[in-house]
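As structure tokens, the structure follows; a few thoughts come after it.
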Amino acid sequence: MSRNVGIALGSGAARGLSHIGVLKALEEEGVRPSVIVGTSMGAFVGGVYAAGRLDELTELVLGLDWKKAAGYFVEMNFPQSGIIEGNKISELLNSLVGDTVLLDLPVRFAAVATDIENGEEVVLDEGALTDTIRASISVPGIFTPARVGDRLLVDGGLVNPVPVSVCRTLGADRVIAVDLNQGRIQDIRGSSFPEDDEAPGFLKKEKPWRPFSWFEEKAGQTDARWLDRVKSWVSRDQTSSLGIFDVLGNSLRIMEEQIAASRLEIDRPDLLIHPRIGHVRFLEFHLAPKIIEAGYRATKRAWRAFSAK
């Protein structure tokens with residue numbers, strides 16, 4: 001590939017953890033991007049990668065259980081323009097990248113957000129990295145909008161879910177894109193992951209995980225109705241109905257899938273990667289090992305096909 005390689009990392013909530021596997025696989029293939037652009041979770045992972053802290057993020061998410069993952073989405077306040085104020089996510093970002101400024105990063109990085117008042121696409125390519133990522137991940141109705149300058153910004157997936165065009169604008173003449181919104185959920189409670197390749201080395205030490213062990217231990221001390229409600233919040237196999245996060249997240253995902261398909265017809269990347277994670281729900285961050293593995297495998301498959309041309 002050319003020296004000016006850009007990587008466009010798409011939106012996808014918990015599915016966005018697959019970007020970790022994608023970036024690890026590309027590193028193994030010798031790909032060193034000069035431009036990284038992310039939308040929503042693509043901005044989160046891409047920004048942390050640009051700051052040189054991907055290993056720290058990987059270690060953190062591989063250590064998530066259900067309780068820790070949910071903790072980032074539970075805040076004791078009542079914001080008017082979103083369910084979550086986002087303070088805990090901002091604290092997490094600060095712990096990873098501190099006061100890093102975009103212009104000080106070793107590679108060109110930008111995030112895509114949407115101006116909620118006029119619908120414009122906003123490319124954030126300067127300022128504090130934490131503020132930039134927080135704006136791009138502000139899923140409407142879930143996170144409160146982020147104020148950047150005189151704009152109120154929300155999730156960039158509303159306008160540019162896979163930001164190939166921004167990579168090219170910032171100087172990339174070859175673009176690798178990752179689209180996480182293909183293969184929309186057939187059954188919200190499906191759980192299979194492909195097992196056709198060997199797991200990547202950085203996941204070899206994965207420990208068995210019991211998603212509800214903490215709640216099961218506390219069940220005797222807790223109102224059973226509350227326990228069932230908490231489980232049904234994110235568990236695909238505990239409920240036959242969709243929770244509020246599923247409704248909001250899937251609504252955004254359906255829209256983003258249509259927008260991404262249209263834009264990718266116009267802004268075609270040189271290599272398009274599609275991890276097989278269509279069944280992963282909005283908040284299933286506790287599935288990090290399998291999600292990351294799916295991104296890694298998809299990239300290896302795509303790279304082999306691309307290199308064989």
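Residue names in the structure tokens use chain letters A, B, ... in the order shown, residue numbers from 1 in each chain, and ligand numbers from 1 in the order shown.
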message: Report as a ChimeraX atom specification all protein, DNA and RNA residues lying within 9 Å of region 150-164 of chain A, evaluated on only C-alpha atoms, omitting residues in the same chain fewer than 2 positions from it.
response: /A:6-12,37-40,42,111-117,119-123,134-140,143-148,166-169,175-181,252-253,255-257,259-260,263-264,267-269
task: Determine, counting only C-alpha atoms, which protein, DNA and RNA residues have an atom within 8 Å of an atom of Arg53 (chain A); residues of the same chain fewer than 5 positions away are not included. Present the result as an MDAnalysis selection string.
output: chainID A and resid 48 96:97
Those same residues - all heavy atoms - I'd like them written as a PDB file, in the first residue's frame.
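Listing of selection.pdb after writing:
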ATOM      1  N   VAL A  48      -7.677   6.415  20.883  1.00  0.00           N
ATOM      2  CA  VAL A  48      -6.789   5.779  21.861  1.00  0.00           C
ATOM      3  C   VAL A  48      -5.592   5.151  21.140  1.00  0.00           C
ATOM      4  O   VAL A  48      -4.446   5.230  21.610  1.00  0.00           O
ATOM      5  CB  VAL A  48      -7.560   4.725  22.678  1.00  0.00           C
ATOM      6  CG1 VAL A  48      -6.616   3.922  23.568  1.00  0.00           C
ATOM      7  CG2 VAL A  48      -8.636   5.402  23.535  1.00  0.00           C
ATOM      8  N   LEU A  96      -7.097   7.149  30.132  1.00  0.00           N
ATOM      9  CA  LEU A  96      -6.358   6.538  29.033  1.00  0.00           C
ATOM     10  C   LEU A  96      -5.464   7.527  28.301  1.00  0.00           C
ATOM     11  O   LEU A  96      -4.311   7.223  27.983  1.00  0.00           O
ATOM     12  CB  LEU A  96      -7.335   5.902  28.035  1.00  0.00           C
ATOM     13  CG  LEU A  96      -8.036   4.621  28.486  1.00  0.00           C
ATOM     14  CD1 LEU A  96      -9.178   4.280  27.545  1.00  0.00           C
ATOM     15  CD2 LEU A  96      -7.050   3.463  28.553  1.00  0.00           C
ATOM     16  N   VAL A  97      -5.995   8.725  28.005  1.00  0.00           N
ATOM     17  CA  VAL A  97      -5.247   9.653  27.143  1.00  0.00           C
ATOM     18  C   VAL A  97      -4.922  10.974  27.815  1.00  0.00           C
ATOM     19  O   VAL A  97      -4.236  11.815  27.229  1.00  0.00           O
ATOM     20  CB  VAL A  97      -6.014   9.907  25.824  1.00  0.00           C
ATOM     21  CG1 VAL A  97      -6.255   8.608  25.084  1.00  0.00           C
ATOM     22  CG2 VAL A  97      -7.339  10.628  26.075  1.00  0.00           C
TER      23      VAL A  97
END
message: Between CA of Arg3 (chain A) and CA of Asp131 (chain A), what is the distance in Å, rounded to a tenth?
response: 29.2 Å
message: Using only C-alpha atoms, can you tell me which of A:Ala51, A:Val22, A:Leu57, A:Val107 comes closest to Ala128 (chain A)?
response: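 With only C-alpha atoms as the atom set, the closest residue is A:Ala51.
A straight line drawn from CA of Gly171 (chain A) to CA of Glu265 (chain A) is 20.2 Å long.
Between CA of Ala43 (chain A) and CA of Ala110 (chain A) the interatomic distance comes to 7.7 Å.
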- prompt: Which is closer to Phe285 (chain A) than all the others in A:Thr58, A:Glu28, A:Gly52, A:Ser34, using only C-alpha atoms?
  reply: A:Thr58
message: Please determine, counting only C-alpha atoms, which residue among A:Leu54, A:Ala172, A:Leu272, A:Leu283 has the shortest atom-to-atom distance to Gly21 (chain A).
response: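 Nearest to Gly21 (chain A): A:Leu54.
Scanning region 7-36 of chain A with DSSP on the backbone, the helix (DSSP H, G or I) assignments fall on Ala13, Ala14, Arg15, Gly16, Leu17, Ser18, His19, Ile20, Gly21, Val22, Leu23, Lys24, Ala25, Leu26, Glu27 and Glu28 of chain A.
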